[in-house]
$ cat my_file-v2.csv   # CSV, C-alpha atoms
chain,number,residue,atom,x,y,z
A,1,THR,CA,-6.1,-6.8,4.2
A,2,GLY,CA,-6.3,-8.9,1.0
A,3,VAL,CA,-2.8,-8.1,-0.1
A,4,VAL,CA,-1.1,-10.8,-2.1
A,5,PHE,CA,2.3,-10.0,-3.5
A,6,ARG,CA,3.0,-10.8,-7.1
A,7,ASP,CA,6.4,-12.2,-6.3
A,8,SER,CA,6.6,-13.4,-2.7
A,9,ASN,CA,10.4,-13.4,-2.9
A,10,THR,CA,10.5,-9.6,-3.3
A,11,ALA,CA,7.6,-8.9,-1.0
A,12,LEU,CA,7.5,-5.3,0.2
A,13,ILE,CA,9.8,-2.9,-1.4
A,14,PRO,CA,10.8,-0.5,1.3
A,15,SER,CA,10.4,3.2,1.1
A,16,ASP,CA,13.1,5.0,-0.9
A,17,GLY,CA,13.8,7.4,2.0
A,18,ASN,CA,11.6,10.0,0.5
A,19,GLY,CA,8.4,8.2,1.6
A,20,ASP,CA,7.7,6.6,-1.8
A,21,VAL,CA,6.3,3.1,-1.5
A,22,SER,CA,5.5,0.8,-4.4
A,23,ASN,CA,5.0,-2.8,-5.1
A,24,GLU,CA,3.2,-5.2,-7.4
A,25,ILE,CA,0.3,-7.0,-5.9
A,26,LEU,CA,-2.5,-9.2,-7.3
A,27,ALA,CA,-6.2,-8.6,-7.7
A,28,PRO,CA,-8.4,-11.5,-6.6
A,29,ASP,CA,-8.6,-12.8,-10.2
A,30,GLY,CA,-4.8,-12.7,-10.5
A,31,THR,CA,-4.5,-9.5,-12.4
A,32,PRO,CA,-1.2,-7.8,-11.4
A,33,ALA,CA,-1.3,-4.2,-10.2
A,34,LEU,CA,1.4,-1.8,-9.5
A,35,VAL,CA,0.4,0.2,-6.4
A,36,SER,CA,2.3,3.2,-5.0
A,37,PHE,CA,1.8,6.1,-2.6
A,38,ASN,CA,3.9,8.5,-0.6
A,39,ALA,CA,3.9,8.7,3.2
A,40,PRO,CA,6.3,10.2,5.6
A,41,TRP,CA,6.2,7.3,8.2
A,42,PRO,CA,8.2,4.1,8.3
A,43,LEU,CA,7.0,1.2,6.3
A,44,LEU,CA,6.2,-1.8,8.5
A,45,ARG,CA,7.7,-5.1,7.4
A,46,SER,CA,5.2,-7.7,6.6
A,47,THR,CA,4.6,-10.6,4.1
A,48,THR,CA,0.8,-9.9,4.0
A,49,SER,CA,0.4,-6.1,4.1
A,50,ILE,CA,1.6,-2.8,3.0
A,51,GLU,CA,1.4,-0.3,5.9
A,52,SER,CA,3.2,2.9,6.8
A,53,ARG,CA,2.6,4.1,10.3
A,54,ASP,CA,3.6,6.9,12.6
A,55,LEU,CA,5.0,4.8,15.5
A,56,ALA,CA,4.5,7.7,18.0
A,57,ASN,CA,1.0,8.7,17.0
A,58,PRO,CA,-2.2,7.1,15.6
A,59,GLU,CA,-1.7,8.2,11.9
A,60,SER,CA,-1.3,5.4,9.4
A,61,ALA,CA,-1.7,4.5,5.7
A,62,PHE,CA,-2.3,0.9,4.5
A,63,VAL,CA,-3.3,-0.8,1.3
A,64,GLN,CA,-6.3,-3.1,1.3
A,65,VAL,CA,-7.6,-5.2,-1.6
A,66,ALA,CA,-11.2,-6.5,-2.0
A,67,GLN,CA,-13.0,-8.3,-4.7
A,68,LEU,CA,-15.3,-6.1,-6.9
A,69,PRO,CA,-18.9,-6.9,-6.1
A,70,ALA,CA,-20.3,-9.6,-8.4
A,71,LYS,CA,-23.1,-7.3,-9.6
A,72,PHE,CA,-20.6,-5.2,-11.6
A,73,GLU,CA,-19.1,-6.0,-14.9
A,74,LYS,CA,-15.3,-5.2,-14.9
A,75,SER,CA,-15.5,-3.2,-18.1
A,76,ASP,CA,-18.3,-0.8,-17.1
A,77,VAL,CA,-17.7,-0.1,-13.5
A,78,SER,CA,-16.2,3.0,-11.9
A,79,GLU,CA,-15.0,3.5,-8.4
A,80,LYS,CA,-17.8,6.0,-8.0
A,81,ASP,CA,-20.3,3.2,-8.3
A,82,LEU,CA,-19.1,1.5,-5.1
A,83,SER,CA,-21.7,1.6,-2.3
A,84,ASN,CA,-21.3,2.4,1.3
A,85,SER,CA,-22.1,-1.2,2.1
A,86,PHE,CA,-19.1,-2.3,0.0
A,87,PHE,CA,-16.7,-0.2,2.1
A,88,VAL,CA,-18.4,-1.3,5.4
A,89,GLU,CA,-17.9,-4.9,4.5
A,90,ALA,CA,-14.4,-4.6,2.9
A,91,ILE,CA,-12.7,-2.3,5.4
A,92,TYR,CA,-14.8,-2.5,8.6
A,93,GLY,CA,-16.0,-6.1,8.4
A,94,GLN,CA,-14.2,-9.1,9.8
A,95,LYS,CA,-11.8,-9.3,6.9
A,96,GLY,CA,-10.9,-5.7,7.1
A,97,LYS,CA,-8.2,-4.1,9.2
A,98,TYR,CA,-10.6,-2.1,11.4
A,99,GLY,CA,-12.9,-5.1,12.0
A,100,MET,CA,-10.1,-7.1,13.7
A,101,TYR,CA,-11.3,-6.5,17.2
A,102,GLY,CA,-15.0,-6.2,16.5
A,103,THR,CA,-17.2,-4.5,13.9
A,104,PRO,CA,-16.8,-0.7,14.1
A,105,THR,CA,-19.9,1.3,14.8
A,106,ASP,CA,-21.3,4.6,13.5
A,107,VAL,CA,-19.6,4.0,10.1
A,108,LYS,CA,-20.3,6.7,7.5
A,109,VAL,CA,-18.7,6.8,4.1
A,110,LYS,CA,-19.0,9.8,1.7
A,111,LYS,CA,-17.5,10.4,-1.8
A,112,MET,CA,-15.4,13.5,-1.9
A,113,PRO,CA,-16.0,16.0,-4.7
A,114,SER,CA,-13.2,16.1,-7.3
A,115,SER,CA,-12.2,18.9,-9.7
A,116,ASN,CA,-10.1,16.5,-11.8
A,117,GLU,CA,-11.6,13.5,-13.4
A,118,SER,CA,-8.3,12.0,-14.7
A,119,PRO,CA,-8.6,8.2,-15.1
A,120,ILE,CA,-5.3,7.7,-13.4
A,121,LEU,CA,-6.3,9.6,-10.2
A,122,PRO,CA,-8.0,7.6,-7.4
A,123,THR,CA,-11.6,8.3,-6.4
A,124,LEU,CA,-11.5,9.6,-2.9
A,125,PHE,CA,-14.0,8.9,-0.1
A,126,VAL,CA,-14.0,10.0,3.5
A,127,SER,CA,-15.1,7.9,6.4
A,128,THR,CA,-15.9,8.4,10.1
A,129,PHE,CA,-16.3,5.4,12.5
A,130,THR,CA,-15.8,4.1,16.0
A,131,THR,CA,-13.5,1.1,16.3
A,132,LEU,CA,-12.2,-1.0,19.1
A,133,THR,CA,-8.5,-0.9,19.9
A,134,PRO,CA,-6.5,-4.0,20.9
A,135,SER,CA,-7.2,-3.0,24.5
A,136,MET,CA,-10.9,-3.0,23.7
A,137,ARG,CA,-11.4,0.7,24.1
A,138,GLU,CA,-13.5,2.7,21.6
A,139,SER,CA,-11.7,5.0,19.3
A,140,ASP,CA,-13.4,7.6,17.1
A,141,ARG,CA,-11.5,7.8,13.8
A,142,LYS,CA,-11.6,9.5,10.5
A,143,ALA,CA,-9.9,8.3,7.3
A,144,TYR,CA,-9.6,9.0,3.6
A,145,ILE,CA,-10.2,6.0,1.3
A,146,SER,CA,-8.4,6.3,-2.1
A,147,THR,CA,-9.8,3.7,-4.6
A,148,LYS,CA,-8.9,2.3,-7.9
A,149,ILE,CA,-10.2,-0.8,-9.8
A,150,VAL,CA,-7.8,-3.1,-11.5
A,151,GLY,CA,-9.0,-6.5,-12.8
A,152,ASP,CA,-11.7,-7.7,-10.4
A,153,GLY,CA,-10.0,-6.0,-7.5
A,154,VAL,CA,-10.7,-2.8,-5.7
A,155,PHE,CA,-7.4,-1.4,-4.5
A,156,MET,CA,-7.7,1.0,-1.6
A,157,LEU,CA,-5.3,3.1,0.4
A,158,ILE,CA,-6.8,3.9,3.8
A,159,THR,CA,-5.2,7.0,5.4
A,160,GLY,CA,-6.4,8.2,8.8
A,161,THR,CA,-6.1,9.0,12.4
A,162,THR,CA,-8.2,9.6,15.4
A,163,SER,CA,-11.1,12.1,15.0
A,164,ALA,CA,-9.5,14.4,17.6
A,165,ARG,CA,-6.3,14.6,15.5
A,166,PHE,CA,-7.8,14.7,12.0
A,167,GLU,CA,-8.2,18.4,11.6
A,168,LYS,CA,-4.6,19.1,12.6
A,169,GLN,CA,-3.3,16.3,10.3
A,170,GLU,CA,-5.8,16.7,7.5
A,171,LYS,CA,-3.5,18.4,5.0
A,172,GLN,CA,-0.8,15.7,5.3
A,173,LEU,CA,-3.4,12.9,5.2
A,174,ARG,CA,-5.0,14.3,2.1
A,175,LYS,CA,-1.6,14.6,0.4
A,176,ILE,CA,-1.0,10.9,1.1
A,177,ALA,CA,-4.4,9.9,-0.1
A,178,ASP,CA,-4.0,11.9,-3.3
A,179,SER,CA,-0.6,10.2,-4.0
A,180,PHE,CA,-2.2,6.7,-4.3
A,181,ARG,CA,-1.9,5.0,-7.7
A,182,ALA,CA,-2.9,1.5,-8.8
A,183,VAL,CA,-2.5,0.5,-12.4
A,184,GLN,CA,-2.4,-2.8,-14.2
A,185,ALA,CA,1.2,-4.1,-14.3
A,186,PRO,CA,2.6,-5.6,-17.5

$ encode --input "my_file-v2.csv" --output "structure tokens"
Amino acid sequence: TGVVFRDSNTALIPSDGNGDVSNEILAPDGTPALVSFNAPWPLLRSTTSIESRDLANPESAFVQVAQLPAKFEKSDVSEKDLSNSFFVEAIYGQKGKYGMYGTPTDVKVKKMPSSNESPILPTLFVSTFTTLTPSMRESDRKAYISTKIVGDGVFMLITGTTSARFEKQEKQLRKIADSFRAVQAP
């Protein structure tokens, strides 16, 4: 998932009991970023990822970091400039969480309209795709992708579930996606 903790001795600060998750992680160029989000599910302990998952259902939220495409200059790029092919490679490719058991199919990524252009808020995309489960069954899924650029890193919070459950869970998933923040740490 591209997550490298700034201080491996304090890797993964657990949720505060209210669902708040935060930690300092590094962009590929070493720029430190403070990332945070709020999710109601338990935080999974790991030294290489930040993931909150509903252990009884398919809902989850996880942080992924990818290098900004070389064609962009760090100073003049916006999250809105990222192409579908960037997300397909970063999230659904072999290095991405959903590409772990084979490349997902029918991947579609679309930027969500926003009424608030605040620079601190993430740019939000929505994606539909079919992925393989560990038991090699196809699973149709839908996810929000919250994105922020820090240094040469694209920091993403991917929040989703199965397509069948998405409509029922959409309000909660959108709230989690909107809670994502990634800013340069001092």

$ closest_residue --input "my_file-v2.csv" --among "A:Asn23, A:Ser118, A:Thr162, A:Thr123" --to "Lys142 in chain A" --atoms "only C-alpha atoms"
A:Thr162

$ closest_residue --input "my_file-v2.csv" --among "A:Thr47, A:Ser60, A:Gly151, A:Phe166" --to "Asp76 in chain A" --atoms "only C-alpha atoms"
A:Gly151

$ closest_residue --input "my_file-v2.csv" --among "A:Phe180, A:Phe125, A:Phe37, A:Phe62" --to "Gly96 in chain A" --atoms "all atoms listed in the file"
A:Phe62

$ atom_distance --input "my_file-v2.csv" --atom1 "CA of Val3 in chain A" --atom2 "CA of Phe72 in chain A"
21.4 Å

$ residues_around --input "my_file-v2.csv" --residues "Gly93 in chain A" --least-positions-apart "5" --cutoff "7 Å" --atoms "all atoms listed in the file" --output "JSON, numbers by chain"
{"A": [88, 99, 103]}

$ build_atoms --input "my_file-v2.csv" --residues "range 94-105 of chain A" --atoms "all heavy atoms" --output "PDB file, in the frame of the given file"
ATOM      1  N   GLN A  94     -15.171  -8.240   9.202  1.00  0.00           N
ATOM      2  CA  GLN A  94     -14.200  -9.100   9.800  1.00  0.00           C
ATOM      3  C   GLN A  94     -12.922  -9.312   9.048  1.00  0.00           C
ATOM      4  O   GLN A  94     -11.865  -9.540   9.630  1.00  0.00           O
ATOM      5  CB  GLN A  94     -14.850 -10.507  10.071  1.00  0.00           C
ATOM      6  CG  GLN A  94     -15.902 -10.481  11.143  1.00  0.00           C
ATOM      7  CD  GLN A  94     -16.509 -11.848  11.369  1.00  0.00           C
ATOM      8  OE1 GLN A  94     -16.355 -12.754  10.559  1.00  0.00           O
ATOM      9  NE2 GLN A  94     -17.201 -12.004  12.483  1.00  0.00           N
ATOM     10  N   LYS A  95     -12.983  -9.194   7.716  1.00  0.00           N
ATOM     11  CA  LYS A  95     -11.800  -9.300   6.900  1.00  0.00           C
ATOM     12  C   LYS A  95     -10.989  -8.044   6.789  1.00  0.00           C
ATOM     13  O   LYS A  95      -9.874  -8.031   6.298  1.00  0.00           O
ATOM     14  CB  LYS A  95     -12.148  -9.831   5.494  1.00  0.00           C
ATOM     15  CG  LYS A  95     -12.691 -11.236   5.480  1.00  0.00           C
ATOM     16  CD  LYS A  95     -12.988 -11.672   4.063  1.00  0.00           C
ATOM     17  CE  LYS A  95     -13.571 -13.069   4.051  1.00  0.00           C
ATOM     18  NZ  LYS A  95     -13.884 -13.509   2.705  1.00  0.00           N
ATOM     19  N   GLY A  96     -11.574  -6.944   7.227  1.00  0.00           N
ATOM     20  CA  GLY A  96     -10.900  -5.700   7.100  1.00  0.00           C
ATOM     21  C   GLY A  96     -10.051  -5.367   8.342  1.00  0.00           C
ATOM     22  O   GLY A  96     -10.213  -5.945   9.413  1.00  0.00           O
ATOM     23  N   LYS A  97      -9.124  -4.461   8.159  1.00  0.00           N
ATOM     24  CA  LYS A  97      -8.200  -4.100   9.200  1.00  0.00           C
ATOM     25  C   LYS A  97      -8.899  -3.558  10.458  1.00  0.00           C
ATOM     26  O   LYS A  97      -8.545  -3.872  11.588  1.00  0.00           O
ATOM     27  CB  LYS A  97      -7.162  -3.125   8.708  1.00  0.00           C
ATOM     28  CG  LYS A  97      -6.056  -2.849   9.693  1.00  0.00           C
ATOM     29  CD  LYS A  97      -4.956  -2.096   9.009  1.00  0.00           C
ATOM     30  CE  LYS A  97      -3.802  -1.845   9.915  1.00  0.00           C
ATOM     31  NZ  LYS A  97      -2.941  -2.984  10.099  1.00  0.00           N
ATOM     32  N   TYR A  98      -9.900  -2.730  10.245  1.00  0.00           N
ATOM     33  CA  TYR A  98     -10.600  -2.100  11.400  1.00  0.00           C
ATOM     34  C   TYR A  98     -11.610  -3.040  12.029  1.00  0.00           C
ATOM     35  O   TYR A  98     -12.122  -2.723  13.093  1.00  0.00           O
ATOM     36  CB  TYR A  98     -11.238  -0.801  10.980  1.00  0.00           C
ATOM     37  CG  TYR A  98     -10.229   0.292  10.732  1.00  0.00           C
ATOM     38  CD1 TYR A  98     -10.067   0.850   9.476  1.00  0.00           C
ATOM     39  CD2 TYR A  98      -9.423   0.767  11.756  1.00  0.00           C
ATOM     40  CE1 TYR A  98      -9.139   1.850   9.253  1.00  0.00           C
ATOM     41  CE2 TYR A  98      -8.493   1.764  11.546  1.00  0.00           C
ATOM     42  CZ  TYR A  98      -8.360   2.305  10.287  1.00  0.00           C
ATOM     43  OH  TYR A  98      -7.440   3.288  10.067  1.00  0.00           O
ATOM     44  N   GLY A  99     -11.917  -4.168  11.429  1.00  0.00           N
ATOM     45  CA  GLY A  99     -12.900  -5.100  12.000  1.00  0.00           C
ATOM     46  C   GLY A  99     -12.187  -6.187  12.847  1.00  0.00           C
ATOM     47  O   GLY A  99     -12.833  -7.104  13.347  1.00  0.00           O
ATOM     48  N   MET A 100     -10.882  -6.084  13.006  1.00  0.00           N
ATOM     49  CA  MET A 100     -10.100  -7.100  13.700  1.00  0.00           C
ATOM     50  C   MET A 100     -10.536  -7.376  15.113  1.00  0.00           C
ATOM     51  O   MET A 100     -10.500  -8.502  15.586  1.00  0.00           O
ATOM     52  CB  MET A 100      -8.620  -6.714  13.634  1.00  0.00           C
ATOM     53  CG  MET A 100      -7.660  -7.808  14.058  1.00  0.00           C
ATOM     54  SD  MET A 100      -5.944  -7.272  13.867  1.00  0.00           S
ATOM     55  CE  MET A 100      -5.832  -7.064  12.100  1.00  0.00           C
ATOM     56  N   TYR A 101     -10.954  -6.334  15.820  1.00  0.00           N
ATOM     57  CA  TYR A 101     -11.300  -6.500  17.200  1.00  0.00           C
ATOM     58  C   TYR A 101     -12.811  -6.310  17.472  1.00  0.00           C
ATOM     59  O   TYR A 101     -13.236  -6.069  18.584  1.00  0.00           O
ATOM     60  CB  TYR A 101     -10.530  -5.470  18.087  1.00  0.00           C
ATOM     61  CG  TYR A 101      -9.040  -5.648  17.931  1.00  0.00           C
ATOM     62  CD1 TYR A 101      -8.292  -4.751  17.196  1.00  0.00           C
ATOM     63  CD2 TYR A 101      -8.399  -6.751  18.493  1.00  0.00           C
ATOM     64  CE1 TYR A 101      -6.931  -4.931  17.034  1.00  0.00           C
ATOM     65  CE2 TYR A 101      -7.036  -6.936  18.330  1.00  0.00           C
ATOM     66  CZ  TYR A 101      -6.309  -6.020  17.601  1.00  0.00           C
ATOM     67  OH  TYR A 101      -4.972  -6.196  17.428  1.00  0.00           O
ATOM     68  N   GLY A 102     -13.575  -6.423  16.409  1.00  0.00           N
ATOM     69  CA  GLY A 102     -15.000  -6.200  16.500  1.00  0.00           C
ATOM     70  C   GLY A 102     -15.460  -5.243  15.436  1.00  0.00           C
ATOM     71  O   GLY A 102     -14.700  -4.368  15.034  1.00  0.00           O
ATOM     72  N   THR A 103     -16.666  -5.387  14.978  1.00  0.00           N
ATOM     73  CA  THR A 103     -17.200  -4.500  13.900  1.00  0.00           C
ATOM     74  C   THR A 103     -17.305  -3.085  14.413  1.00  0.00           C
ATOM     75  O   THR A 103     -17.947  -2.837  15.435  1.00  0.00           O
ATOM     76  CB  THR A 103     -18.547  -5.036  13.441  1.00  0.00           C
ATOM     77  OG1 THR A 103     -18.405  -6.387  13.024  1.00  0.00           O
ATOM     78  CG2 THR A 103     -19.070  -4.193  12.298  1.00  0.00           C
ATOM     79  N   PRO A 104     -16.686  -2.135  13.696  1.00  0.00           N
ATOM     80  CA  PRO A 104     -16.800  -0.700  14.100  1.00  0.00           C
ATOM     81  C   PRO A 104     -18.296  -0.279  14.017  1.00  0.00           C
ATOM     82  O   PRO A 104     -19.110  -0.859  13.305  1.00  0.00           O
ATOM     83  CB  PRO A 104     -15.994   0.008  13.028  1.00  0.00           C
ATOM     84  CG  PRO A 104     -14.981  -0.995  12.600  1.00  0.00           C
ATOM     85  CD  PRO A 104     -15.728  -2.302  12.606  1.00  0.00           C
ATOM     86  N   THR A 105     -18.593   0.756  14.763  1.00  0.00           N
ATOM     87  CA  THR A 105     -19.900   1.300  14.800  1.00  0.00           C
ATOM     88  C   THR A 105     -19.932   2.724  14.221  1.00  0.00           C
ATOM     89  O   THR A 105     -18.874   3.309  14.006  1.00  0.00           O
ATOM     90  CB  THR A 105     -20.483   1.344  16.235  1.00  0.00           C
ATOM     91  OG1 THR A 105     -19.602   2.127  17.046  1.00  0.00           O
ATOM     92  CG2 THR A 105     -20.599  -0.061  16.813  1.00  0.00           C
TER      93      THR A 105
END
